[in-house]
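Written out below as structure tokens is the structure these notes cover.
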Amino acid sequence: MSDRLTTALARLTEVAGDPDSYAQSWKQRTGGKVVGAFPMNFPAEVAHAAGALPVIIQENREPDTSGRNLLAEFYCGYTRNIADQAAKGRLDHYDGFFLADHCIQLLGAVDVLRFESPGKPLYFGQLETSLGDAWTPDAVKKKMQSFIDEMEAFTGGLITSEALRRSIALFNENRRLLRTLFEARRTGNARFSSAEMQVLVKSSMVMHKAEHTAALREILDAVGEVERDSRIRLHLSGHFCHAPKPELLAAIEECGAIVVDDDLYTGARYISTDVAADIDPVTAIADWYLKRDANFPCPTRVKHATDWEDRLIRSVDTSGAQGVIVLMVKFCEPHMLYYPQLRKQLTERGIPHLLIETEHEGVPVESVRTRVEALLERIRHTQLVSS
Amino acid sequence: MDTAVTDRSNRLSVTKLGGKMVADYWANVFTARERGEKVVWYNGSAVNPFFQAAGLVWCHGEAFSARLAAQHLEQPAQLAAQEYGYVGELCSYARTHLGCAVLTQNAGHANGTGIVGLPEQAELASRLPAPDFFVNAYAGCSTGQQWDDISFRVFGKEVPIFNVSLPFLWGNKPDAGYLIGEEWEQASRYVVGQLHELVRFIETMTGRPFDWDALRQNMAYIKQASQLRREAMALCAHAPTPATFWDWITSIAHINFLPASQELVDYFAAVKAEVEQRLAEGVPAVRDERYRVYFDGFMNWNKLGFLARKFAAHDVAVIAGRYTHQAFWQEPHLIDPENPITGMAQHYLLCPTNHGAKTIKHLVLRDCEQYGVDGIVFHSTRTCRAFTNPQHLIAKAAQRELGIASMFFEGDVADASFYKDEILESRLAAMLEGIDVRRARGGVVPV
């Protein structure tokens, strides 16, 4: 690995591992406001155009303590951790919060934040989740305009169409560069592990986009081609709102697998769709939200014309994945609801798959290894029989 | 193991008549096909007055799951759902209902599902007629809309579906509050527009013009029934209470989805009359009422009679609850039978899980004061994140602002396996002891 690549990757790894320090340091350096944005559909371009730093709030590594008696134990690891971070004051460096997603567990966690930080600006612009209705595009556009209005009130400045266009262009470029690396992995370049791919995306959710884009260019300039070896090729699927723990990804790969594609939120899903640069920017951001689900169907949205399972099968065909591991955040209801549809389609297509549930508190590595090894064994056996 | 208890409860006798009304309603649903009637499956808000006006037969998914659980018939559907791939932590209403959908889909197929016995499949599948179309109008819980999308997929994406999107009343602005503020007005207007679209969709499904006069008549009945229900509830501020939360639970089906009719009005008139009679004669709903508590959480349908007896055995009258008192046409003054759409839209928004924690706190504490309760029992409803959402915040606020003690017990809406009787028993005893100590100290809250 070249020095340039090593240095850039090390910087992004540092940010992905400690987003709070990055945000605090950016704030100190620039005097700007830091916006805490909740996943998965807040249009961060709006915050950037207002001169603020939008940071998608990440699950942290601390064990949940103070927050444990603020949200029920049967909430997902991310939302319980958000409640814990709020209770411990770990979110105090954010100047305000924005969210766009109606997830009942997320709203519960954010309500804890409202109670713990009364007076902190917090805006929930509920984006429509039923995407196929005739009135939805107009309603979404109004909601996107409300984000602009609220962001202007929050920062005290005007968001011009020109500023929004510049932010859109910058974000599109960042997504494009990331997609280049994901496409390279999909078509055979095994340079990066899945944990490293996660670092690339996670740091993009946290860092100022221009700075992150510069680092990505360093990486792209220096990255070489590493051919896939004979390890079993896997697709990782699911895991909404936050990143699976790197040690889980490492455990999967240590079993003798190589991850060749994913549809993880902290992965290919996050960067799937650009905002149109050649139309009115508010319309463009609204369209982005609608197209995003068409590109990468998400079970948190309702759109009858698109099917996540079809998208998954196409991805598997394209990347040559031999199996799928579905990473489900325990208690994630949309994922629990949709999973049988995936299972049915994968089974019908004869694609071996495994469901692994994740929680905030640790990864049962040995149990994961046993299950992944069994999946890989099954794939090898199938290969042997068919050859 | 559930603890055996002596029955010291005294439920309203009129609810027995109500039970027959519910049974008749379901019998009518189960026989819809024989009469050649169209069937709509729906979830969430009480949009059934539209269906009634359109001459449809309606089946509320949650209500069917609740009924199965209350009759201890939920297991075949839940096993079918499990075999299909649904994880056990998924909303048990949805899981049970989707299990029914799977069973309905598989009905008549010789291969079956492997786990669920064919007799049970036949029993359930033949009872619940497959839908001609779906309508989803789910407030509060994000899972609700996704659930019907999955039902739509389980039926092979061949059954038409209509979604009413109900905004969450989050309370972004300082003027936001219960029934007030620009957010409330905006949301009301948004839903009104969608309800007119729903009517057009129903016209397409039925192939005939919508009967607006029938809708007006339905809403006139519902308004009357709701007023009587609310008046009867208010009488329970008296101590000892003449009726309990369990009586209101037993009457939920009526106000939520039974046909709007004079019979419905008469039922709630009878409920109110019995409550008034009890007050006049000094007949309590719980023998030796010593404690008055509020119930926050979804109903544990597997345990309705059991919980009524258990609390009464401890001399506890469960007076009111968020589920019963903050839902189901609970603001009849909003209903204008001549122009019913706005009042209907507003009630769909007033689901007790469709508010930010600040408003829910306001509603629960207001109820606690109105009904003079000593404590709050939180049903930590395992697979219902919508209801459990603000519970810890409310418990803290009740203690801080009203000096009211609270306890949590674990259970679920329709999955009996999550109920922990020992936890309820020990925590209830501890809370009651705390209330005794407080009383002994002249109302001072023990630290």
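Within each chain, counting starts at residue 1; across the structure tokens, chains are named A, B, ... in the order shown, with ligands numbered 1 upward in that order.
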
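The shell of residues at most 10 Å from Lys344 (chain A), with only C-alpha atoms counted and near chain neighbours (fewer than 5 positions) removed, consists of Glu309, Tyr339, Arg349 and Gly350 of chain A; Tyr84 and Gly85 of chain B.
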
Check every residue of chain B for an atom within 9 Å of chain A, counting only C-alpha atoms, and provide those that qualify as a ChimeraX atom specification. /B:84-91,94-95,140-143,145-147,149-150,152-154,157,162-165,167-168,170-173,194,356-358,380,382-383,385-386,388-393

Any chance you could export the current selection's N, CA and C atoms as a short mmCIF file (atom, residue, chain, number, x, y, z; two decimals), in the first residue's frame?
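Below is the file again-v6.cif, written as the result:
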data_model
loop_
_atom_site.label_atom_id
_atom_site.label_comp_id
_atom_site.auth_asym_id
_atom_site.auth_seq_id
_atom_site.Cartn_x
_atom_site.Cartn_y
_atom_site.Cartn_z
N TYR B 84 -42.84 -18.96 8.06
CA TYR B 84 -42.67 -18.14 6.85
C TYR B 84 -41.41 -17.28 6.96
N GLY B 85 -40.95 -17.04 8.19
CA GLY B 85 -39.69 -16.31 8.37
C GLY B 85 -39.76 -15.09 9.26
N TYR B 86 -40.93 -14.81 9.83
CA TYR B 86 -41.03 -13.62 10.68
C TYR B 86 -40.38 -13.89 12.04
N VAL B 87 -39.53 -12.94 12.45
CA VAL B 87 -38.80 -13.06 13.71
C VAL B 87 -39.77 -12.80 14.86
N GLY B 88 -39.55 -13.50 15.96
CA GLY B 88 -40.47 -13.45 17.09
C GLY B 88 -40.57 -12.11 17.79
N GLU B 89 -39.66 -11.20 17.49
CA GLU B 89 -39.71 -9.88 18.12
C GLU B 89 -40.54 -8.89 17.31
N LEU B 90 -41.03 -9.33 16.16
CA LEU B 90 -41.86 -8.46 15.33
C LEU B 90 -43.22 -8.24 16.02
N CYS B 91 -43.77 -7.06 15.86
CA CYS B 91 -45.11 -6.72 16.37
C CYS B 91 -46.02 -7.94 16.28
N ALA B 94 -49.00 -7.74 13.95
CA ALA B 94 -48.63 -7.93 12.55
C ALA B 94 -48.29 -9.39 12.29
N ARG B 95 -47.53 -9.97 13.22
CA ARG B 95 -47.08 -11.36 13.03
C ARG B 95 -48.28 -12.30 12.98
N GLY B 140 -48.99 7.05 14.10
CA GLY B 140 -48.07 6.77 15.20
C GLY B 140 -46.99 5.79 14.85
N CYS B 141 -47.37 4.53 14.70
CA CYS B 141 -46.36 3.49 14.52
C CYS B 141 -45.96 3.36 13.06
N SER B 142 -44.66 3.46 12.81
CA SER B 142 -44.16 3.34 11.44
C SER B 142 -44.33 1.93 10.90
N THR B 143 -44.43 0.96 11.80
CA THR B 143 -44.58 -0.42 11.35
C THR B 143 -45.93 -0.65 10.66
N GLN B 145 -47.78 0.94 8.44
CA GLN B 145 -47.84 1.07 6.99
C GLN B 145 -47.03 -0.04 6.31
N GLN B 146 -45.89 -0.36 6.91
CA GLN B 146 -45.03 -1.40 6.34
C GLN B 146 -45.73 -2.76 6.41
N TRP B 147 -46.46 -2.98 7.46
CA TRP B 147 -47.18 -4.24 7.66
C TRP B 147 -48.14 -4.52 6.50
N ASP B 149 -48.02 -3.21 3.56
CA ASP B 149 -47.23 -3.39 2.35
C ASP B 149 -46.80 -4.85 2.23
N ILE B 150 -46.48 -5.44 3.37
CA ILE B 150 -46.06 -6.85 3.35
C ILE B 150 -47.27 -7.75 3.09
N PHE B 152 -49.73 -7.01 1.31
CA PHE B 152 -49.89 -6.84 -0.15
C PHE B 152 -48.93 -7.76 -0.90
N ARG B 153 -47.72 -7.88 -0.40
CA ARG B 153 -46.73 -8.75 -1.05
C ARG B 153 -47.03 -10.22 -0.82
N VAL B 154 -47.50 -10.56 0.40
CA VAL B 154 -47.84 -11.96 0.68
C VAL B 154 -48.94 -12.42 -0.28
N LYS B 157 -48.92 -9.24 -4.62
CA LYS B 157 -49.04 -7.90 -5.20
C LYS B 157 -50.22 -7.82 -6.18
N PHE B 162 -54.60 0.95 -0.79
CA PHE B 162 -54.62 2.42 -0.69
C PHE B 162 -54.02 2.80 0.67
N ASN B 163 -53.10 3.77 0.64
CA ASN B 163 -52.49 4.24 1.89
C ASN B 163 -52.97 5.64 2.23
N VAL B 164 -53.42 5.81 3.44
CA VAL B 164 -53.64 7.17 3.98
C VAL B 164 -52.43 7.46 4.86
N SER B 165 -51.69 8.51 4.52
CA SER B 165 -50.49 8.85 5.31
C SER B 165 -50.88 9.84 6.40
N PRO B 167 -49.62 12.18 9.34
CA PRO B 167 -48.42 12.78 9.93
C PRO B 167 -48.36 12.57 11.45
N PHE B 168 -47.16 12.40 11.92
CA PHE B 168 -46.91 12.27 13.36
C PHE B 168 -46.98 13.67 13.97
N TRP B 170 -45.58 15.71 16.06
CA TRP B 170 -44.32 15.74 16.80
C TRP B 170 -44.20 16.96 17.71
N GLY B 171 -44.73 18.08 17.25
CA GLY B 171 -44.63 19.29 18.07
C GLY B 171 -43.36 20.06 17.84
N ASN B 172 -43.13 20.45 16.58
CA ASN B 172 -41.92 21.20 16.26
C ASN B 172 -41.95 22.63 16.79
N LYS B 173 -43.14 23.23 16.77
CA LYS B 173 -43.23 24.67 17.02
C LYS B 173 -43.73 24.96 18.44
N GLN B 194 -56.58 13.48 1.68
CA GLN B 194 -56.38 12.05 1.39
C GLN B 194 -57.66 11.25 1.57
N GLY B 356 -45.80 13.42 20.15
CA GLY B 356 -44.51 13.47 20.83
C GLY B 356 -44.73 13.25 22.33
N ALA B 357 -43.63 12.95 23.01
CA ALA B 357 -43.72 12.60 24.44
C ALA B 357 -44.32 13.73 25.27
N LYS B 358 -44.08 14.97 24.85
CA LYS B 358 -44.59 16.11 25.63
C LYS B 358 -46.12 16.09 25.69
N SER B 380 -45.20 -2.75 29.72
CA SER B 380 -44.07 -2.66 28.80
C SER B 380 -44.31 -3.69 27.71
N ARG B 382 -44.00 -5.75 24.87
CA ARG B 382 -42.75 -6.19 24.26
C ARG B 382 -42.62 -5.88 22.76
N THR B 383 -43.65 -6.20 22.00
CA THR B 383 -43.48 -6.01 20.55
C THR B 383 -44.19 -4.75 20.05
N ARG B 385 -43.45 -1.09 20.02
CA ARG B 385 -42.55 0.04 20.32
C ARG B 385 -43.32 1.35 20.34
N ALA B 386 -44.43 1.42 19.63
CA ALA B 386 -45.17 2.68 19.57
C ALA B 386 -45.74 3.04 20.93
N THR B 388 -44.78 1.81 23.91
CA THR B 388 -43.78 1.89 24.97
C THR B 388 -42.87 3.10 24.82
N ASN B 389 -42.93 3.73 23.66
CA ASN B 389 -42.00 4.80 23.32
C ASN B 389 -41.70 5.78 24.45
N PRO B 390 -42.71 6.47 24.98
CA PRO B 390 -42.40 7.52 25.96
C PRO B 390 -42.57 7.07 27.41
N GLN B 391 -42.76 5.79 27.66
CA GLN B 391 -43.22 5.37 28.99
C GLN B 391 -42.25 5.75 30.11
N HIS B 392 -40.96 5.60 29.86
CA HIS B 392 -40.01 5.93 30.93
C HIS B 392 -40.02 7.43 31.22
N LEU B 393 -40.18 8.22 30.17
CA LEU B 393 -40.21 9.67 30.36
C LEU B 393 -41.47 10.07 31.15
#

For the strand (DSSP E) assignment from backbone DSSP, which residues of region 262-408 of chain B qualify? Please present them as a compact mmCIF listing (two decimals) with C-alpha atoms, in the first residue's frame.
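Below is the file selection07.txt, written as the result:
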# COMPACT_ATOMS: atom_id res chain seq x y z
CA TYR B 291 -55.87 1.80 45.33
CA ARG B 292 -56.69 3.59 42.08
CA VAL B 293 -54.25 3.22 39.21
CA TYR B 294 -53.86 4.25 35.57
CA PHE B 295 -52.88 1.72 32.90
CA ASP B 296 -50.46 2.85 30.20
CA VAL B 316 -56.64 -2.20 43.00
CA ALA B 317 -59.13 -0.49 40.73
CA VAL B 318 -57.59 0.21 37.35
CA ILE B 319 -59.56 3.33 36.55
CA ALA B 320 -58.42 4.56 33.18
CA GLY B 321 -55.75 4.11 30.55
CA GLY B 375 -50.09 5.12 40.67
CA ILE B 376 -49.44 4.22 37.05
CA VAL B 377 -49.03 0.68 35.79
CA PHE B 378 -46.96 0.62 32.62
CA HIS B 379 -47.45 -2.41 30.45
CA SER B 380 -44.07 -2.66 28.80
CA THR B 381 -45.57 -4.13 25.68
CA ALA B 405 -45.56 6.18 41.82
CA SER B 406 -45.35 3.79 38.90
CA MET B 407 -44.37 0.27 38.00
CA PHE B 408 -43.57 -1.61 34.81

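The two atoms in question, CA of Arg200 (chain B) and CA of Leu349 (chain B), are spaced 20.9 Å apart.
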
Write down as a PyMOL selection string the residues of region 114-218 of chain A whose backbone DSSP state falls under alpha helix (DSSP H). chain A and resi 114-116+136-155+161-186+194-206+209-218

Compile the contact shell of Phe201 (chain B) as a list of chain:residue names: residues with an atom at most 10 Å away, counting only C-alpha atoms, same-chain residues fewer than 3 positions apart removed. B:Val135, B:Pro160, B:Ile161, B:Phe162, B:Leu195, B:His196, B:Glu197, B:Leu198, B:Thr204, B:Met205, B:Thr206, B:Gly207, B:Phe210

Grab the residues selected above and save them as a PDB file, in the first residue's frame with N, CA and C atoms.
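What landed in part-v1.pdb:
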ATOM      1  N   VAL B 135     -56.814  -1.235   2.763  1.00  0.00           N
ATOM      2  CA  VAL B 135     -56.665   0.196   3.062  1.00  0.00           C
ATOM      3  C   VAL B 135     -55.815   0.302   4.321  1.00  0.00           C
ATOM      4  N   PRO B 160     -55.426  -4.749  -4.761  1.00  0.00           N
ATOM      5  CA  PRO B 160     -55.202  -3.289  -4.702  1.00  0.00           C
ATOM      6  C   PRO B 160     -55.069  -2.788  -3.260  1.00  0.00           C
ATOM      7  N   ILE B 161     -54.305  -1.735  -3.115  1.00  0.00           N
ATOM      8  CA  ILE B 161     -54.072  -1.181  -1.775  1.00  0.00           C
ATOM      9  C   ILE B 161     -54.083   0.340  -1.838  1.00  0.00           C
ATOM     10  N   PHE B 162     -54.603   0.949  -0.789  1.00  0.00           N
ATOM     11  CA  PHE B 162     -54.616   2.416  -0.685  1.00  0.00           C
ATOM     12  C   PHE B 162     -54.019   2.797   0.665  1.00  0.00           C
ATOM     13  N   LEU B 195     -58.491  11.664   2.519  1.00  0.00           N
ATOM     14  CA  LEU B 195     -59.751  10.925   2.727  1.00  0.00           C
ATOM     15  C   LEU B 195     -60.678  11.088   1.523  1.00  0.00           C
ATOM     16  N   HIS B 196     -60.630  12.252   0.904  1.00  0.00           N
ATOM     17  CA  HIS B 196     -61.425  12.410  -0.328  1.00  0.00           C
ATOM     18  C   HIS B 196     -60.875  11.480  -1.423  1.00  0.00           C
ATOM     19  N   GLU B 197     -59.551  11.325  -1.453  1.00  0.00           N
ATOM     20  CA  GLU B 197     -58.956  10.377  -2.405  1.00  0.00           C
ATOM     21  C   GLU B 197     -59.370   8.944  -2.067  1.00  0.00           C
ATOM     22  N   LEU B 198     -59.447   8.663  -0.773  1.00  0.00           N
ATOM     23  CA  LEU B 198     -59.867   7.320  -0.344  1.00  0.00           C
ATOM     24  C   LEU B 198     -61.283   7.021  -0.855  1.00  0.00           C
ATOM     25  N   THR B 204     -63.971   3.305  -7.016  1.00  0.00           N
ATOM     26  CA  THR B 204     -63.382   2.458  -8.059  1.00  0.00           C
ATOM     27  C   THR B 204     -63.509   0.982  -7.694  1.00  0.00           C
ATOM     28  N   MET B 205     -63.271   0.681  -6.430  1.00  0.00           N
ATOM     29  CA  MET B 205     -63.307  -0.712  -5.996  1.00  0.00           C
ATOM     30  C   MET B 205     -64.722  -1.290  -6.031  1.00  0.00           C
ATOM     31  N   THR B 206     -65.699  -0.452  -5.680  1.00  0.00           N
ATOM     32  CA  THR B 206     -67.070  -0.970  -5.622  1.00  0.00           C
ATOM     33  C   THR B 206     -67.808  -0.811  -6.953  1.00  0.00           C
ATOM     34  N   GLY B 207     -67.329   0.123  -7.773  1.00  0.00           N
ATOM     35  CA  GLY B 207     -67.985   0.372  -9.048  1.00  0.00           C
ATOM     36  C   GLY B 207     -69.287   1.137  -8.918  1.00  0.00           C
ATOM     37  N   PHE B 210     -70.172   6.775  -4.153  1.00  0.00           N
ATOM     38  CA  PHE B 210     -70.111   6.692  -2.694  1.00  0.00           C
ATOM     39  C   PHE B 210     -71.360   7.315  -2.091  1.00  0.00           C
TER      40      PHE B 210
END

Residues near region 19-34 of chain B, anyone? I mean within 12 Å using only C-alpha atoms, not counting same-chain ones fewer than 5 positions away, as a PyMOL selection string. chain B and resi 12-14+39-41+55-60+63-64+67-68+71+123-132+247+249-261+263-264+266-267

Atoms kept (N, CA and C atoms) for selection, written as a tab-separated table (two decimals), in the first residue's frame:
chain	number	residue	atom	x	y	z
B	12	LEU	N	-68.99	-4.77	34.54
B	12	LEU	CA	-70.31	-4.33	34.11
B	12	LEU	C	-71.04	-5.49	33.42
B	13	SER	N	-72.29	-5.73	33.82
B	13	SER	CA	-73.01	-6.86	33.24
B	13	SER	C	-73.39	-6.59	31.78
B	14	VAL	N	-73.52	-5.31	31.43
B	14	VAL	CA	-73.93	-4.97	30.07
B	14	VAL	C	-72.88	-5.42	29.04
B	39	VAL	N	-64.81	-7.68	0.49
B	39	VAL	CA	-64.14	-7.60	1.79
B	39	VAL	C	-62.92	-6.70	1.69
B	40	VAL	N	-62.80	-5.79	2.64
B	40	VAL	CA	-61.60	-4.96	2.71
B	40	VAL	C	-60.87	-5.28	4.01
B	41	TRP	N	-59.55	-5.47	3.89
B	41	TRP	CA	-58.69	-5.60	5.08
B	41	TRP	C	-58.10	-4.23	5.32
B	55	GLY	N	-71.07	-0.16	1.62
B	55	GLY	CA	-71.65	-1.50	1.54
B	55	GLY	C	-70.63	-2.62	1.51
B	56	LEU	N	-69.49	-2.39	2.15
B	56	LEU	CA	-68.41	-3.39	2.18
B	56	LEU	C	-68.42	-4.14	3.51
B	57	VAL	N	-67.72	-5.25	3.53
B	57	VAL	CA	-67.44	-5.94	4.79
B	57	VAL	C	-65.99	-5.63	5.14
B	58	TRP	N	-65.74	-5.24	6.39
B	58	TRP	CA	-64.40	-4.78	6.75
B	58	TRP	C	-63.80	-5.66	7.85
B	59	CYS	N	-62.50	-5.87	7.71
B	59	CYS	CA	-61.78	-6.68	8.69
B	59	CYS	C	-60.55	-5.92	9.15
B	60	HIS	N	-60.55	-5.53	10.41
B	60	HIS	CA	-59.44	-4.78	11.00
B	60	HIS	C	-58.38	-5.78	11.45
B	63	ALA	N	-57.56	-5.95	15.12
B	63	ALA	CA	-58.70	-6.46	15.88
B	63	ALA	C	-58.80	-7.98	15.75
B	64	PHE	N	-58.51	-8.48	14.55
B	64	PHE	CA	-58.58	-9.93	14.36
B	64	PHE	C	-57.49	-10.62	15.17
B	67	ARG	N	-58.51	-10.52	18.76
B	67	ARG	CA	-59.59	-11.48	19.04
B	67	ARG	C	-59.02	-12.90	19.16
B	68	LEU	N	-58.13	-13.24	18.23
B	68	LEU	CA	-57.51	-14.57	18.31
B	68	LEU	C	-56.79	-14.74	19.65
B	71	GLN	N	-59.06	-15.16	22.57
B	71	GLN	CA	-59.68	-16.49	22.59
B	71	GLN	C	-58.65	-17.61	22.68
B	123	GLU	N	-59.37	-24.18	9.79
B	123	GLU	CA	-60.23	-23.42	10.69
B	123	GLU	C	-60.04	-21.92	10.49
B	124	LEU	N	-58.78	-21.50	10.55
B	124	LEU	CA	-58.51	-20.07	10.44
B	124	LEU	C	-58.72	-19.55	9.02
B	125	ALA	N	-58.16	-20.27	8.09
B	125	ALA	CA	-58.20	-19.77	6.72
B	125	ALA	C	-59.63	-19.67	6.21
B	126	SER	N	-60.45	-20.61	6.63
B	126	SER	CA	-61.82	-20.55	6.14
B	126	SER	C	-62.60	-19.44	6.84
B	127	ARG	N	-62.14	-19.05	8.00
B	127	ARG	CA	-62.87	-18.02	8.74
B	127	ARG	C	-62.59	-16.63	8.20
B	128	LEU	N	-61.35	-16.35	7.86
B	128	LEU	CA	-61.01	-14.99	7.44
B	128	LEU	C	-61.01	-14.93	5.92
B	129	PRO	N	-62.02	-14.28	5.33
B	129	PRO	CA	-62.06	-14.24	3.87
B	129	PRO	C	-60.92	-13.38	3.32
B	130	ALA	N	-60.34	-13.82	2.23
B	130	ALA	CA	-59.25	-13.05	1.60
B	130	ALA	C	-59.79	-11.69	1.17
B	131	PRO	N	-58.91	-10.70	1.16
B	131	PRO	CA	-59.39	-9.34	0.86
B	131	PRO	C	-59.59	-9.10	-0.64
B	132	ASP	N	-60.55	-8.22	-0.94
B	132	ASP	CA	-60.67	-7.71	-2.31
B	132	ASP	C	-59.76	-6.50	-2.50
B	247	ASP	N	-63.55	-2.80	31.81
B	247	ASP	CA	-64.86	-2.64	31.16
B	247	ASP	C	-64.71	-1.84	29.87
B	249	ILE	N	-62.02	-1.68	28.11
B	249	ILE	CA	-61.33	-2.57	27.16
B	249	ILE	C	-62.35	-3.49	26.48
B	250	THR	N	-63.25	-4.04	27.27
B	250	THR	CA	-64.24	-4.96	26.72
B	250	THR	C	-65.14	-4.27	25.71
B	251	SER	N	-65.23	-2.95	25.81
B	251	SER	CA	-66.10	-2.19	24.88
B	251	SER	C	-65.32	-1.50	23.77
B	252	ILE	N	-64.08	-1.85	23.59
B	252	ILE	CA	-63.28	-1.19	22.55
B	252	ILE	C	-63.76	-1.57	21.15
B	253	ALA	N	-64.02	-2.86	20.95
B	253	ALA	CA	-64.42	-3.31	19.61
B	253	ALA	C	-65.62	-2.51	19.13
B	254	HIS	N	-66.54	-2.25	20.05
B	254	HIS	CA	-67.78	-1.57	19.67
B	254	HIS	C	-67.51	-0.18	19.11
B	255	ILE	N	-66.72	0.58	19.84
B	255	ILE	CA	-66.50	1.95	19.42
B	255	ILE	C	-65.47	2.01	18.28
B	256	ASN	N	-64.66	0.98	18.18
B	256	ASN	CA	-63.59	1.02	17.18
B	256	ASN	C	-64.04	0.53	15.80
B	257	PHE	N	-64.77	-0.58	15.74
B	257	PHE	CA	-65.03	-1.11	14.40
B	257	PHE	C	-66.39	-1.76	14.19
B	258	LEU	N	-67.22	-1.82	15.22
B	258	LEU	CA	-68.55	-2.38	14.97
B	258	LEU	C	-69.38	-1.40	14.13
B	259	PRO	N	-70.37	-1.89	13.41
B	259	PRO	CA	-71.14	-0.99	12.55
B	259	PRO	C	-71.76	0.17	13.33
B	260	ALA	N	-71.71	1.34	12.74
B	260	ALA	CA	-72.39	2.49	13.33
B	260	ALA	C	-73.88	2.28	13.16
B	261	SER	N	-74.62	2.33	14.27
B	261	SER	CA	-76.06	2.02	14.19
B	261	SER	C	-76.73	2.47	15.48
B	263	GLU	N	-78.14	0.47	17.37
B	263	GLU	CA	-77.76	-0.57	18.34
B	263	GLU	C	-76.47	-0.17	19.08
B	264	LEU	N	-75.56	0.44	18.34
B	264	LEU	CA	-74.31	0.88	18.96
B	264	LEU	C	-74.59	1.98	19.99
B	266	ASP	N	-77.39	2.49	21.52
B	266	ASP	CA	-78.12	1.87	22.64
B	266	ASP	C	-77.16	1.13	23.58
B	267	TYR	N	-76.15	0.51	22.98
B	267	TYR	CA	-75.19	-0.22	23.82
B	267	TYR	C	-74.50	0.74	24.80

Skip region 96-98 of chain B itself and residues of its chain fewer than 3 positions away, then list as a list in words all residues within 7 Å of it, counting only C-alpha atoms.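 Here the answer would be Gly61, Ser65, Glu74, Ala77, Gln78, Ala81, Ser92, Tyr93, Ala101, Val102 and Ser151 of chain B.
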
Please, which residues in region 125-150 of chain A fall within 7 Å of region 261-283 of chain A when counting only C-alpha atoms, and what is the closest atom pair and distance in Å to one decimal for each, ordered by chain then residue number, as a tab-separated table?
residue	atom	partner	partner_atom	distance
A:Lys141	CA	A:Thr283	CA	6.1
A:Met144	CA	A:Val282	CA	6.5
A:Gln145	CA	A:Val282	CA	6.6

Would you write out those residues with N, CA and C atoms, as a PDB file, in the first residue's frame?
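And here's selection02.pdb as it stands now:
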ATOM      1  N   LYS A 141     -41.682  17.647  -1.701  1.00  0.00           N
ATOM      2  CA  LYS A 141     -41.028  18.913  -2.074  1.00  0.00           C
ATOM      3  C   LYS A 141     -41.269  19.988  -1.006  1.00  0.00           C
ATOM      4  N   MET A 144     -39.020  19.289   1.851  1.00  0.00           N
ATOM      5  CA  MET A 144     -37.634  19.683   1.577  1.00  0.00           C
ATOM      6  C   MET A 144     -37.487  21.204   1.724  1.00  0.00           C
ATOM      7  N   GLN A 145     -38.502  21.936   1.274  1.00  0.00           N
ATOM      8  CA  GLN A 145     -38.459  23.396   1.448  1.00  0.00           C
ATOM      9  C   GLN A 145     -38.477  23.754   2.937  1.00  0.00           C
TER      10      GLN A 145
END

Please identify all polymer residues within 9 Å of region 324-339 of chain B, counting only C-alpha atoms, omitting same-chain residues fewer than 3 positions from it, and present them as a ChimeraX atom specification. /B:45-46,213,215-227,229-230,233,245,248-249,252,255-256,320-321,342-344,346-348,350-352,363-364,367

Take the selection from the previous step and output its residues with C-alpha atoms, as a short mmCIF file (atom, residue, chain, number, x, y, z; two decimals), in the first residue's frame.
data_model
loop_
_atom_site.label_atom_id
_atom_site.label_comp_id
_atom_site.auth_asym_id
_atom_site.auth_seq_id
_atom_site.Cartn_x
_atom_site.Cartn_y
_atom_site.Cartn_z
CA SER B 45 -57.42 4.12 12.22
CA ALA B 46 -61.18 3.60 12.29
CA ASP B 213 -75.66 10.37 3.26
CA LEU B 215 -71.49 8.28 5.94
CA ARG B 216 -73.21 11.25 7.61
CA GLN B 217 -75.66 8.90 9.29
CA ASN B 218 -72.81 6.63 10.44
CA MET B 219 -70.96 9.55 11.97
CA ALA B 220 -74.09 10.80 13.70
CA TYR B 221 -74.42 7.41 15.42
CA ILE B 222 -70.72 7.35 16.29
CA LYS B 223 -70.86 10.84 17.74
CA GLN B 224 -73.77 9.87 19.99
CA ALA B 225 -72.12 6.61 21.05
CA SER B 226 -68.87 8.39 21.76
CA GLN B 227 -70.54 11.08 23.87
CA ARG B 229 -69.00 6.50 26.35
CA ARG B 230 -67.08 9.59 27.44
CA MET B 233 -66.01 7.19 31.67
CA PHE B 245 -60.38 0.06 32.60
CA TRP B 248 -63.67 -0.02 28.70
CA ILE B 249 -61.33 -2.57 27.16
CA ILE B 252 -63.28 -1.19 22.55
CA ILE B 255 -66.50 1.95 19.42
CA ASN B 256 -63.59 1.02 17.18
CA ALA B 320 -58.42 4.56 33.18
CA GLY B 321 -55.75 4.11 30.55
CA THR B 342 -62.53 16.95 9.04
CA GLY B 343 -63.56 15.44 12.36
CA MET B 344 -62.74 11.97 11.05
CA GLN B 346 -58.62 14.67 13.17
CA HIS B 347 -59.54 11.54 15.07
CA TYR B 348 -57.23 9.50 12.86
CA LEU B 350 -55.43 11.51 17.59
CA CYS B 351 -54.14 7.97 17.95
CA PRO B 352 -52.59 7.72 21.44
CA LEU B 363 -52.64 13.69 28.38
CA VAL B 364 -51.61 10.99 30.84
CA ASP B 367 -56.10 11.79 33.16
#
